[in-house]
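Student: I'd like to ask some things about the structure below.
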Amino acid sequence: MRFLCVSAQLASHLDWGGYLPTALELMRAGHDVLWATGRELQSDLAAQGVPVHILPETGWRWPPPPPIQKGSSTEEEFQRLRMSRSLDQWLDVERVQAATLDLVDVARRFRPHLIVSEMFIAAAGIAAELLDVPFAVAGWPAMQPKSPDAAVEPPGSVRELAQARVAACCRHFGVSGLNWALDGPAALRSPSLHLTYWSPRWYAGAALLPQTRMVGGVADPPLPRESPWLDKLPVDRPWIFITLGTAFTKDIGFFVIAARAAADAGGVPILAVGKGYNAGGTAGGWTAREMESLRSRLPQPSVLVERVHFAEVLPLIAAAIHHGGAGTTHALVTHGIPQIVVPKAADQARQASGVARSGVGYHIPPRQLTVPLATEALQKILADDAPARLNAASLQKEFAALGGIPKAAQILVASA
């Protein structure tokens with residue numbers, strides 16, 4: 001069978017708990033996979049042996065729109081502008097229409113039995129309907145719609161703006177919006193399959209639709225210690241992993257607070273600071289001066305690196321403080337590690353909620369993050385008999401029992 005996988009042009013959008021590994025599993029089983037995305041991920045996918053089609057436009061804007069300055073606007077106006085800006089990231093009408101044309105072109109040549117997309121490629125759902133090809137969403141559940149509150153969402157709300165943008169795209173291509181949720185916040189919603197790499201307990205209390213299938217996950221086999229700094233750290237203190245993932249990583253304040261909290265809680269901080277994107281999405285990496293400034297403010301001993309191999313480091317970790325990216329959160333759950341999430345984006349807030357619901361750690365809003373609060377939370381989860389640590393161990397088992405990547409591939413095959 002042939003599977004066309006689609007994603008935005010960020011490395012984190014290959015993950016979602018197991019999206020790319022599922023494609024690799026399909027290839028190992030003899031199926032044809034083609035991954036359509038932006039040029040930025042060509043080398044990442046080629047290194048995994050995945051055939052790549054470069055889309056001139058994915059519909060996902062990167063770098064994102066510039067930050068909004070509050071100026072003289074009211075709080076209500078400012079929040080509305082912020083939400084509109086978030087729509088511009090993935091639901092800009094002209095970008096989505098251009099991406100749909102690109103996807104239709106490659107799909108007509110590849111002739112997939114199933115189009116699979118992560119949640120933020122709007123063009124994928126439209127292209128699948130236009131071509132009458134089955135469609136699946138990877139890494140995100142199908143949620144019951146919430147009725148809008150007219151008192152909270154007056155005419156002209158962001159919800160209405162999003163729905164209007166989807167409607168414009170659908171009219172442009174003459175489709176009905178089969179693969180969209182239009183009875184609530186506008187979002188991709190496959191009528192047949194939403195494949196998630198989480199578990200029932202993770203979604204406890206959430207109103208999910210029946211097309212949601214959960215496969216959990218299993219940690220990759222441990223890698224041998226090859227990073228030289230691993231052998232230089234004290235073994236009589238717990239190691240605390242600290243990261244903001246790979247996107248918006250240049251936040252010295254976060255890293256300093258988290259590292260000092262780790263040390264105050266009796267641990268050794270291990271910081272993976274990424275390549276250094278700014279909050280506005282501009283690249284350039286950490287400068288030598290910035291890295292030295294950060295290093296000078298860290299407690300000792302500390303480790304400061306750009307990235308780590310999860311399979312090498314996570315088996316040695318006692319706890320983590322991080323941003324709540326899906327890939328990072330999922331890896332920590334499959335290793336049974338309690339965690340503190342400080343989310344910086346909308347999808348990261350979902351992971352923070354899952355951490356809190358399942359009892360494997362704490363959610364601290366960014367504006368509330370302080371050394372004393374983070375220290376207190378760490379102390380609570382580091383004890384051997386801490387409820388968060390026991391919950392993390394049991395959730396790890398629940399994830400593993402659901403079948404992980406092999407099960408995900410089987411479900412996709414059955415849906416094609």
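Following the order of the structure tokens, first chain is A, next is B, and so on, with residues numbered from 1 inside each chain and ligands from 1 in the order they appear.
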Please build the interface table for segment 98-197 of chain A against segment 348-365 of chain A with a cut-off of 12 Å, listing for each qualifying residue the nearest atom pair and the distance in Å to one decimal; count only C-alpha atoms, order rows by chain and increasing number, and write it as CSV.
Tutor:
```
residue,atom,partner,partner_atom,distance
A:Gly139,CA,A:Gln351,CA,11.7
A:Trp140,CA,A:Arg350,CA,10.1
A:Pro141,CA,A:Arg350,CA,11.1
```
Student: I'd like the contact shell of His309 of chain A - 12 Å cut-off, only C-alpha atoms, skipping same-chain residues fewer than 5 positions apart - returned as a list in words.
Tutor: Asp220, Pro221, Pro222, Leu223, Pro224, Arg225, Glu226, Ser227, Leu230, Phe241, Ala272, Leu314, Pro315, Leu316, Thr328 and Ala331 of chain A
Student: Keeping only all heavy atoms, take the residues you just selected and write them out as a short mmCIF file (atom, residue, chain, number, x, y, z; two decimals), in the first residue's frame.
Tutor:
```cif
data_model
loop_
_atom_site.label_atom_id
_atom_site.label_comp_id
_atom_site.auth_asym_id
_atom_site.auth_seq_id
_atom_site.Cartn_x
_atom_site.Cartn_y
_atom_site.Cartn_z
N ASP A 220 12.54 3.56 23.35
CA ASP A 220 13.56 2.94 22.52
C ASP A 220 14.57 2.22 23.42
O ASP A 220 14.80 2.62 24.56
CB ASP A 220 14.29 3.98 21.68
CG ASP A 220 13.41 4.59 20.60
OD1 ASP A 220 12.48 3.90 20.14
OD2 ASP A 220 13.65 5.75 20.23
N PRO A 221 15.19 1.16 22.92
CA PRO A 221 16.21 0.48 23.72
C PRO A 221 17.32 1.44 24.13
O PRO A 221 17.70 2.32 23.34
CB PRO A 221 16.74 -0.61 22.77
CG PRO A 221 15.65 -0.82 21.78
CD PRO A 221 14.98 0.51 21.61
N PRO A 222 17.84 1.31 25.34
CA PRO A 222 18.89 2.24 25.79
C PRO A 222 20.13 2.18 24.90
O PRO A 222 20.52 1.11 24.43
CB PRO A 222 19.21 1.74 27.21
CG PRO A 222 18.01 0.97 27.63
CD PRO A 222 17.46 0.35 26.38
N LEU A 223 20.72 3.33 24.66
CA LEU A 223 21.97 3.41 23.92
C LEU A 223 23.15 3.39 24.90
O LEU A 223 23.02 3.84 26.04
CB LEU A 223 22.03 4.71 23.10
CG LEU A 223 21.09 4.83 21.91
CD1 LEU A 223 21.20 6.23 21.31
CD2 LEU A 223 21.42 3.78 20.86
N PRO A 224 24.29 2.88 24.49
CA PRO A 224 25.46 2.92 25.37
C PRO A 224 25.89 4.36 25.61
O PRO A 224 25.64 5.26 24.80
CB PRO A 224 26.52 2.14 24.58
CG PRO A 224 26.06 2.21 23.16
CD PRO A 224 24.57 2.22 23.20
N ARG A 225 26.55 4.60 26.76
CA ARG A 225 27.02 5.95 27.08
C ARG A 225 28.18 6.32 26.18
O ARG A 225 29.26 5.71 26.25
CB ARG A 225 27.48 6.01 28.53
CG ARG A 225 26.39 5.77 29.55
CD ARG A 225 26.91 6.16 30.93
NE ARG A 225 26.04 5.71 32.00
CZ ARG A 225 26.19 6.04 33.27
NH1 ARG A 225 27.22 6.81 33.63
NH2 ARG A 225 25.37 5.61 34.20
N GLU A 226 27.97 7.31 25.33
CA GLU A 226 29.04 7.78 24.45
C GLU A 226 29.37 9.25 24.68
O GLU A 226 30.43 9.71 24.32
CB GLU A 226 28.66 7.55 22.99
CG GLU A 226 28.55 6.07 22.61
CD GLU A 226 28.24 5.86 21.16
OE1 GLU A 226 27.96 6.86 20.47
OE2 GLU A 226 28.28 4.70 20.70
N SER A 227 28.44 10.00 25.27
CA SER A 227 28.71 11.41 25.57
C SER A 227 29.69 11.49 26.74
O SER A 227 29.40 11.00 27.83
CB SER A 227 27.41 12.13 25.93
OG SER A 227 26.49 12.08 24.85
N LEU A 230 28.78 12.43 30.50
CA LEU A 230 27.98 11.55 31.35
C LEU A 230 28.82 10.90 32.45
O LEU A 230 28.35 10.68 33.56
CB LEU A 230 27.31 10.46 30.51
CG LEU A 230 26.05 10.89 29.73
CD1 LEU A 230 25.65 9.80 28.77
CD2 LEU A 230 24.92 11.21 30.69
N PHE A 241 16.66 16.58 33.91
CA PHE A 241 16.73 16.98 32.50
C PHE A 241 15.90 18.24 32.29
O PHE A 241 14.75 18.33 32.73
CB PHE A 241 16.21 15.85 31.62
CG PHE A 241 16.22 16.16 30.14
CD1 PHE A 241 17.39 16.53 29.51
CD2 PHE A 241 15.05 16.08 29.39
CE1 PHE A 241 17.41 16.81 28.15
CE2 PHE A 241 15.05 16.35 28.04
CZ PHE A 241 16.24 16.72 27.41
N ALA A 272 19.51 20.86 27.77
CA ALA A 272 19.59 20.74 26.31
C ALA A 272 18.90 21.98 25.75
O ALA A 272 17.66 22.07 25.78
CB ALA A 272 18.92 19.46 25.84
N LEU A 314 17.86 9.56 28.90
CA LEU A 314 16.65 9.44 29.72
C LEU A 314 16.65 8.24 30.67
O LEU A 314 16.08 8.34 31.77
CB LEU A 314 15.40 9.41 28.83
CG LEU A 314 15.08 10.72 28.09
CD1 LEU A 314 13.69 10.66 27.48
CD2 LEU A 314 15.22 11.93 28.99
N PRO A 315 17.25 7.10 30.32
CA PRO A 315 17.29 6.02 31.31
C PRO A 315 18.03 6.38 32.60
O PRO A 315 17.88 5.68 33.61
CB PRO A 315 18.01 4.89 30.55
CG PRO A 315 17.73 5.15 29.12
CD PRO A 315 17.76 6.65 29.01
N LEU A 316 18.79 7.47 32.56
CA LEU A 316 19.58 7.88 33.73
C LEU A 316 18.95 9.04 34.49
O LEU A 316 19.49 9.47 35.51
CB LEU A 316 20.99 8.29 33.27
CG LEU A 316 21.72 7.30 32.35
CD1 LEU A 316 23.00 7.93 31.82
CD2 LEU A 316 22.01 6.01 33.09
N THR A 328 8.93 15.27 23.50
CA THR A 328 9.63 15.23 24.77
C THR A 328 8.76 14.60 25.85
O THR A 328 9.21 13.73 26.61
CB THR A 328 10.06 16.64 25.20
OG1 THR A 328 10.93 17.20 24.21
CG2 THR A 328 10.77 16.62 26.54
N ALA A 331 8.35 10.85 25.32
CA ALA A 331 9.56 10.10 25.65
C ALA A 331 9.72 9.96 27.16
O ALA A 331 10.11 8.89 27.66
CB ALA A 331 10.79 10.80 25.06
#
```
Student: In Å to one decimal, how far is atom CA of Gly404 of chain A from atom CA of Val218 of chain A?
Tutor: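 Computed distance, atom CA of Val218 of chain A to atom CA of Gly404 of chain A, equals 5.9 Å.
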Student: Between A:Leu208, A:Ala374, A:Ala164, A:Leu412, single out the one closest to Val137 of chain A, counting only C-alpha atoms.
Tutor: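 Checking each of A:Leu208, A:Ala374, A:Ala164, A:Leu412 against Val137 of chain A, counting only C-alpha atoms, the winner is A:Leu412.
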Student: Where in segment 233-403 of chain A does DSSP assign helix (DSSP H, G or I), given as number ranges by chain?
Tutor: A: 252-264, 288-296, 310-316, 326-334, 346-358, 366-368, 371-382, 387-401
Student: Write out as number ranges by chain which residues come within 8 Å of Gln9 of chain A when counting only C-alpha atoms, dropping same-chain ones fewer than 3 positions away.
Tutor: A: 13, 37-41, 58, 60, 62
Student: Can you list, as an NGL selection string, all residues belonging to segment 87-228 of chain A that DSSP tags as strand (DSSP E)?
Tutor: :A and (114-117 or 135-138 or 180-181 or 187-188 or 194-196 or 212-214)
Student: Please produce a file of the residues just selected, as a PDB file, in the first residue's frame, where the atoms kept are N, CA and C atoms.
Tutor:
```
ATOM      1  N   LEU A 114      -3.880   6.154   1.431  1.00  0.00           N
ATOM      2  CA  LEU A 114      -4.247   6.900   2.626  1.00  0.00           C
ATOM      3  C   LEU A 114      -3.347   8.125   2.729  1.00  0.00           C
ATOM      4  N   ILE A 115      -3.954   9.283   3.021  1.00  0.00           N
ATOM      5  CA  ILE A 115      -3.193  10.490   3.329  1.00  0.00           C
ATOM      6  C   ILE A 115      -3.204  10.662   4.844  1.00  0.00           C
ATOM      7  N   VAL A 116      -2.015  10.800   5.429  1.00  0.00           N
ATOM      8  CA  VAL A 116      -1.867  10.953   6.871  1.00  0.00           C
ATOM      9  C   VAL A 116      -1.227  12.313   7.129  1.00  0.00           C
ATOM     10  N   SER A 117      -1.775  13.040   8.089  1.00  0.00           N
ATOM     11  CA  SER A 117      -1.221  14.358   8.393  1.00  0.00           C
ATOM     12  C   SER A 117      -1.211  14.606   9.888  1.00  0.00           C
ATOM     13  N   PHE A 135      -8.489   9.708   4.800  1.00  0.00           N
ATOM     14  CA  PHE A 135      -7.632  10.678   5.513  1.00  0.00           C
ATOM     15  C   PHE A 135      -7.532  10.302   6.982  1.00  0.00           C
ATOM     16  N   ALA A 136      -6.325  10.402   7.552  1.00  0.00           N
ATOM     17  CA  ALA A 136      -6.107  10.128   8.970  1.00  0.00           C
ATOM     18  C   ALA A 136      -5.258  11.236   9.578  1.00  0.00           C
ATOM     19  N   VAL A 137      -5.530  11.535  10.839  1.00  0.00           N
ATOM     20  CA  VAL A 137      -4.744  12.513  11.601  1.00  0.00           C
ATOM     21  C   VAL A 137      -3.855  11.746  12.568  1.00  0.00           C
ATOM     22  N   ALA A 138      -2.564  12.063  12.572  1.00  0.00           N
ATOM     23  CA  ALA A 138      -1.615  11.384  13.454  1.00  0.00           C
ATOM     24  C   ALA A 138      -1.225  12.291  14.613  1.00  0.00           C
ATOM     25  N   TRP A 180     -13.033  18.223   8.383  1.00  0.00           N
ATOM     26  CA  TRP A 180     -12.910  19.363   9.284  1.00  0.00           C
ATOM     27  C   TRP A 180     -13.965  19.312  10.369  1.00  0.00           C
ATOM     28  N   ALA A 181     -13.593  19.794  11.544  1.00  0.00           N
ATOM     29  CA  ALA A 181     -14.551  20.049  12.616  1.00  0.00           C
ATOM     30  C   ALA A 181     -15.010  21.487  12.470  1.00  0.00           C
ATOM     31  N   ALA A 187     -10.781  22.850  13.169  1.00  0.00           N
ATOM     32  CA  ALA A 187      -9.626  21.962  13.291  1.00  0.00           C
ATOM     33  C   ALA A 187      -9.814  20.800  12.335  1.00  0.00           C
ATOM     34  N   LEU A 188      -8.717  20.211  11.910  1.00  0.00           N
ATOM     35  CA  LEU A 188      -8.817  18.988  11.123  1.00  0.00           C
ATOM     36  C   LEU A 188      -9.505  17.909  11.956  1.00  0.00           C
ATOM     37  N   HIS A 194      -8.297   9.102  14.027  1.00  0.00           N
ATOM     38  CA  HIS A 194      -7.301   9.945  14.686  1.00  0.00           C
ATOM     39  C   HIS A 194      -6.424   8.998  15.502  1.00  0.00           C
ATOM     40  N   LEU A 195      -5.163   8.911  15.111  1.00  0.00           N
ATOM     41  CA  LEU A 195      -4.222   7.980  15.731  1.00  0.00           C
ATOM     42  C   LEU A 195      -3.378   8.741  16.746  1.00  0.00           C
ATOM     43  N   THR A 196      -3.471   8.367  18.023  1.00  0.00           N
ATOM     44  CA  THR A 196      -2.674   9.042  19.038  1.00  0.00           C
ATOM     45  C   THR A 196      -1.746   8.057  19.736  1.00  0.00           C
ATOM     46  N   THR A 212     -11.054   8.055  17.552  1.00  0.00           N
ATOM     47  CA  THR A 212      -9.755   8.158  18.221  1.00  0.00           C
ATOM     48  C   THR A 212      -9.250   6.776  18.592  1.00  0.00           C
ATOM     49  N   ARG A 213      -8.057   6.442  18.139  1.00  0.00           N
ATOM     50  CA  ARG A 213      -7.415   5.166  18.491  1.00  0.00           C
ATOM     51  C   ARG A 213      -6.110   5.474  19.215  1.00  0.00           C
ATOM     52  N   MET A 214      -5.894   4.814  20.348  1.00  0.00           N
ATOM     53  CA  MET A 214      -4.709   5.066  21.173  1.00  0.00           C
ATOM     54  C   MET A 214      -3.763   3.869  21.125  1.00  0.00           C
TER      55      MET A 214
END
```
Student: Enter the distance from atom CA of Ser7 of chain A to atom CA of Ala123 of chain A, in Å, rounded to one decimal.
Tutor: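 Atom-to-atom, atom CA of Ser7 of chain A and atom CA of Ala123 of chain A are spaced 10.3 Å apart.
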Student: Taking only C-alpha atoms into account, name the residue in A:Ala8, A:Leu378, A:Ala186, A:Met1 that is nearest to His113 of chain A.
Tutor: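 Nearest candidate to His113 of chain A out of A:Ala8, A:Leu378, A:Ala186, A:Met1: A:Met1.
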Student: Can I get the residues of segment 202-316 of chain A within 9 Å of segment 392-401 of chain A, each with the closest pair of atoms and their distance in Å to one decimal, using only C-alpha atoms, sorted chain first then ascending number, as CSV?
Tutor:
```
residue,atom,partner,partner_atom,distance
A:Trp202,CA,A:Leu395,CA,8.2
A:Met214,CA,A:Phe399,CA,9.0
A:Val215,CA,A:Phe399,CA,7.2
A:Gly216,CA,A:Phe399,CA,4.0
A:Gly217,CA,A:Phe399,CA,5.1
A:Val218,CA,A:Ala400,CA,5.1
A:Ala219,CA,A:Ala400,CA,8.4
```
Student: Ranking A:Thr22, A:Thr249, A:Gln97, A:Ser43 by minimum distance to Gly274 of chain A and counting only C-alpha atoms, which one comes first?
Tutor: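 Closest residue, counting only C-alpha atoms: A:Thr249.
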Student: At what distance in Å, to one decimal, does atom CA of Ala11 of chain A lie from atom CA of Ala124 of chain A?
Tutor: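 Between these atoms lies a distance of 18.3 Å.
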Student: Quick one: residues within 12 Å of Arg108 of chain A, only C-alpha atoms counted, chain neighbours fewer than 4 positions away excluded, as a PDB file with all heavy atoms, in the first residue's frame?
Tutor:
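Contents of the output file around15.pdb:
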```
ATOM      1  N   LEU A   4       0.838   8.586   1.932  1.00  0.00           N
ATOM      2  CA  LEU A   4       1.386   9.928   1.803  1.00  0.00           C
ATOM      3  C   LEU A   4       1.285  10.614   3.159  1.00  0.00           C
ATOM      4  O   LEU A   4       0.188  10.874   3.667  1.00  0.00           O
ATOM      5  CB  LEU A   4       0.603  10.727   0.755  1.00  0.00           C
ATOM      6  CG  LEU A   4       1.043  12.190   0.559  1.00  0.00           C
ATOM      7  CD1 LEU A   4       2.500  12.270   0.103  1.00  0.00           C
ATOM      8  CD2 LEU A   4       0.123  12.896  -0.443  1.00  0.00           C
ATOM      9  N   LEU A 101      -2.893  22.907  -3.557  1.00  0.00           N
ATOM     10  CA  LEU A 101      -2.557  22.634  -4.957  1.00  0.00           C
ATOM     11  C   LEU A 101      -1.294  21.782  -5.058  1.00  0.00           C
ATOM     12  O   LEU A 101      -1.220  20.843  -5.867  1.00  0.00           O
ATOM     13  CB  LEU A 101      -2.378  23.949  -5.715  1.00  0.00           C
ATOM     14  CG  LEU A 101      -3.646  24.777  -5.947  1.00  0.00           C
ATOM     15  CD1 LEU A 101      -3.290  26.127  -6.571  1.00  0.00           C
ATOM     16  CD2 LEU A 101      -4.617  24.011  -6.837  1.00  0.00           C
ATOM     17  N   ASP A 102      -0.295  22.105  -4.241  1.00  0.00           N
ATOM     18  CA  ASP A 102       0.949  21.322  -4.255  1.00  0.00           C
ATOM     19  C   ASP A 102       0.690  19.876  -3.836  1.00  0.00           C
ATOM     20  O   ASP A 102       1.230  18.933  -4.430  1.00  0.00           O
ATOM     21  CB  ASP A 102       1.982  21.958  -3.316  1.00  0.00           C
ATOM     22  CG  ASP A 102       2.444  23.321  -3.799  1.00  0.00           C
ATOM     23  OD1 ASP A 102       2.320  23.594  -5.009  1.00  0.00           O
ATOM     24  OD2 ASP A 102       2.935  24.109  -2.965  1.00  0.00           O
ATOM     25  N   LEU A 103      -0.124  19.689  -2.781  1.00  0.00           N
ATOM     26  CA  LEU A 103      -0.415  18.338  -2.305  1.00  0.00           C
ATOM     27  C   LEU A 103      -1.233  17.547  -3.313  1.00  0.00           C
ATOM     28  O   LEU A 103      -1.003  16.350  -3.507  1.00  0.00           O
ATOM     29  CB  LEU A 103      -1.156  18.403  -0.968  1.00  0.00           C
ATOM     30  CG  LEU A 103      -0.306  18.443   0.298  1.00  0.00           C
ATOM     31  CD1 LEU A 103      -1.196  18.591   1.518  1.00  0.00           C
ATOM     32  CD2 LEU A 103       0.539  17.185   0.412  1.00  0.00           C
ATOM     33  N   VAL A 104      -2.195  18.186  -3.919  1.00  0.00           N
ATOM     34  CA  VAL A 104      -3.007  17.496  -4.933  1.00  0.00           C
ATOM     35  C   VAL A 104      -2.114  17.023  -6.075  1.00  0.00           C
ATOM     36  O   VAL A 104      -2.261  15.894  -6.577  1.00  0.00           O
ATOM     37  CB  VAL A 104      -4.119  18.431  -5.449  1.00  0.00           C
ATOM     38  CG1 VAL A 104      -4.760  17.867  -6.722  1.00  0.00           C
ATOM     39  CG2 VAL A 104      -5.181  18.617  -4.371  1.00  0.00           C
ATOM     40  N   PRO A 112      -1.798   7.699  -3.390  1.00  0.00           N
ATOM     41  CA  PRO A 112      -1.807   7.053  -2.065  1.00  0.00           C
ATOM     42  C   PRO A 112      -3.139   6.368  -1.778  1.00  0.00           C
ATOM     43  O   PRO A 112      -4.200   6.807  -2.224  1.00  0.00           O
ATOM     44  CB  PRO A 112      -1.587   8.231  -1.109  1.00  0.00           C
ATOM     45  CG  PRO A 112      -2.174   9.404  -1.833  1.00  0.00           C
ATOM     46  CD  PRO A 112      -1.853   9.173  -3.277  1.00  0.00           C
ATOM     47  N   HIS A 113      -3.065   5.291  -0.987  1.00  0.00           N
ATOM     48  CA  HIS A 113      -4.271   4.669  -0.472  1.00  0.00           C
ATOM     49  C   HIS A 113      -4.775   5.400   0.770  1.00  0.00           C
ATOM     50  O   HIS A 113      -5.948   5.256   1.145  1.00  0.00           O
ATOM     51  CB  HIS A 113      -3.993   3.197  -0.120  1.00  0.00           C
ATOM     52  CG  HIS A 113      -3.676   2.354  -1.314  1.00  0.00           C
ATOM     53  ND1 HIS A 113      -2.387   2.107  -1.727  1.00  0.00           N
ATOM     54  CD2 HIS A 113      -4.487   1.718  -2.192  1.00  0.00           C
ATOM     55  CE1 HIS A 113      -2.405   1.333  -2.793  1.00  0.00           C
ATOM     56  NE2 HIS A 113      -3.660   1.082  -3.109  1.00  0.00           N
ATOM     57  N   ILE A 115      -3.954   9.283   3.021  1.00  0.00           N
ATOM     58  CA  ILE A 115      -3.193  10.490   3.329  1.00  0.00           C
ATOM     59  C   ILE A 115      -3.204  10.662   4.844  1.00  0.00           C
ATOM     60  O   ILE A 115      -4.263  10.651   5.474  1.00  0.00           O
ATOM     61  CB  ILE A 115      -3.784  11.731   2.640  1.00  0.00           C
ATOM     62  CG1 ILE A 115      -3.623  11.607   1.120  1.00  0.00           C
ATOM     63  CG2 ILE A 115      -3.096  13.008   3.136  1.00  0.00           C
ATOM     64  CD1 ILE A 115      -4.252  12.752   0.334  1.00  0.00           C
ATOM     65  N   ALA A 127      -7.108  18.473   0.495  1.00  0.00           N
ATOM     66  CA  ALA A 127      -6.619  17.690  -0.640  1.00  0.00           C
ATOM     67  C   ALA A 127      -7.182  16.274  -0.619  1.00  0.00           C
ATOM     68  O   ALA A 127      -7.557  15.725  -1.665  1.00  0.00           O
ATOM     69  CB  ALA A 127      -5.089  17.653  -0.630  1.00  0.00           C
ATOM     70  N   ALA A 128      -7.264  15.658   0.556  1.00  0.00           N
ATOM     71  CA  ALA A 128      -7.788  14.298   0.651  1.00  0.00           C
ATOM     72  C   ALA A 128      -9.242  14.242   0.189  1.00  0.00           C
ATOM     73  O   ALA A 128      -9.648  13.322  -0.538  1.00  0.00           O
ATOM     74  CB  ALA A 128      -7.661  13.790   2.086  1.00  0.00           C
ATOM     75  N   LEU A 130     -10.756  16.413  -1.825  1.00  0.00           N
ATOM     76  CA  LEU A 130     -10.782  16.754  -3.250  1.00  0.00           C
ATOM     77  C   LEU A 130     -10.454  15.545  -4.120  1.00  0.00           C
ATOM     78  O   LEU A 130     -11.036  15.353  -5.188  1.00  0.00           O
ATOM     79  CB  LEU A 130      -9.791  17.889  -3.508  1.00  0.00           C
ATOM     80  CG  LEU A 130      -9.787  18.549  -4.884  1.00  0.00           C
ATOM     81  CD1 LEU A 130     -11.147  19.179  -5.188  1.00  0.00           C
ATOM     82  CD2 LEU A 130      -8.701  19.608  -4.943  1.00  0.00           C
ATOM     83  N   LEU A 131      -9.543  14.696  -3.634  1.00  0.00           N
ATOM     84  CA  LEU A 131      -9.110  13.519  -4.390  1.00  0.00           C
ATOM     85  C   LEU A 131      -9.886  12.260  -4.023  1.00  0.00           C
ATOM     86  O   LEU A 131      -9.626  11.199  -4.584  1.00  0.00           O
ATOM     87  CB  LEU A 131      -7.619  13.280  -4.140  1.00  0.00           C
ATOM     88  CG  LEU A 131      -6.679  14.385  -4.638  1.00  0.00           C
ATOM     89  CD1 LEU A 131      -5.276  14.180  -4.100  1.00  0.00           C
ATOM     90  CD2 LEU A 131      -6.665  14.430  -6.162  1.00  0.00           C
ATOM     91  N   ASP A 132     -10.790  12.374  -3.022  1.00  0.00           N
ATOM     92  CA  ASP A 132     -11.567  11.226  -2.542  1.00  0.00           C
ATOM     93  C   ASP A 132     -10.645  10.108  -2.042  1.00  0.00           C
ATOM     94  O   ASP A 132     -10.821   8.934  -2.353  1.00  0.00           O
ATOM     95  CB  ASP A 132     -12.490  10.693  -3.647  1.00  0.00           C
ATOM     96  CG  ASP A 132     -13.555   9.742  -3.097  1.00  0.00           C
ATOM     97  OD1 ASP A 132     -13.890   9.847  -1.899  1.00  0.00           O
ATOM     98  OD2 ASP A 132     -14.040   8.877  -3.865  1.00  0.00           O
ATOM     99  N   VAL A 133      -9.657  10.506  -1.247  1.00  0.00           N
ATOM    100  CA  VAL A 133      -8.703   9.570  -0.642  1.00  0.00           C
ATOM    101  C   VAL A 133      -8.964   9.541   0.866  1.00  0.00           C
ATOM    102  O   VAL A 133      -9.155  10.596   1.481  1.00  0.00           O
ATOM    103  CB  VAL A 133      -7.246  10.008  -0.918  1.00  0.00           C
ATOM    104  CG1 VAL A 133      -6.261   9.100  -0.185  1.00  0.00           C
ATOM    105  CG2 VAL A 133      -6.969  10.000  -2.415  1.00  0.00           C
TER     106      VAL A 133
END
```
Student: Which of these residues is nearest to Ala259 of chain A, using only C-alpha atoms: A:Pro301, A:Pro210, A:Gly403, A:Pro338?
Tutor: A:Pro301
Student: Pick out the residues sitting within 10 Å of Arg297 of chain A, and hand them over as a list in words; count only C-alpha atoms, and ignore anything fewer than 3 positions along from it in its own chain.
Tutor: Ile252, Gly253, Phe255, Val256, Ile257, Ala259, Arg260, Glu292, Ser293, Leu294 and Gln300 of chain A
Student: Determine the nearest neighbour of Leu244 of chain A from the options A:Gln410, A:Ser12, A:Gln368, A:Gln163, counting only C-alpha atoms.
Tutor: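 Under the stated criterion, the closest residue is A:Ser12.
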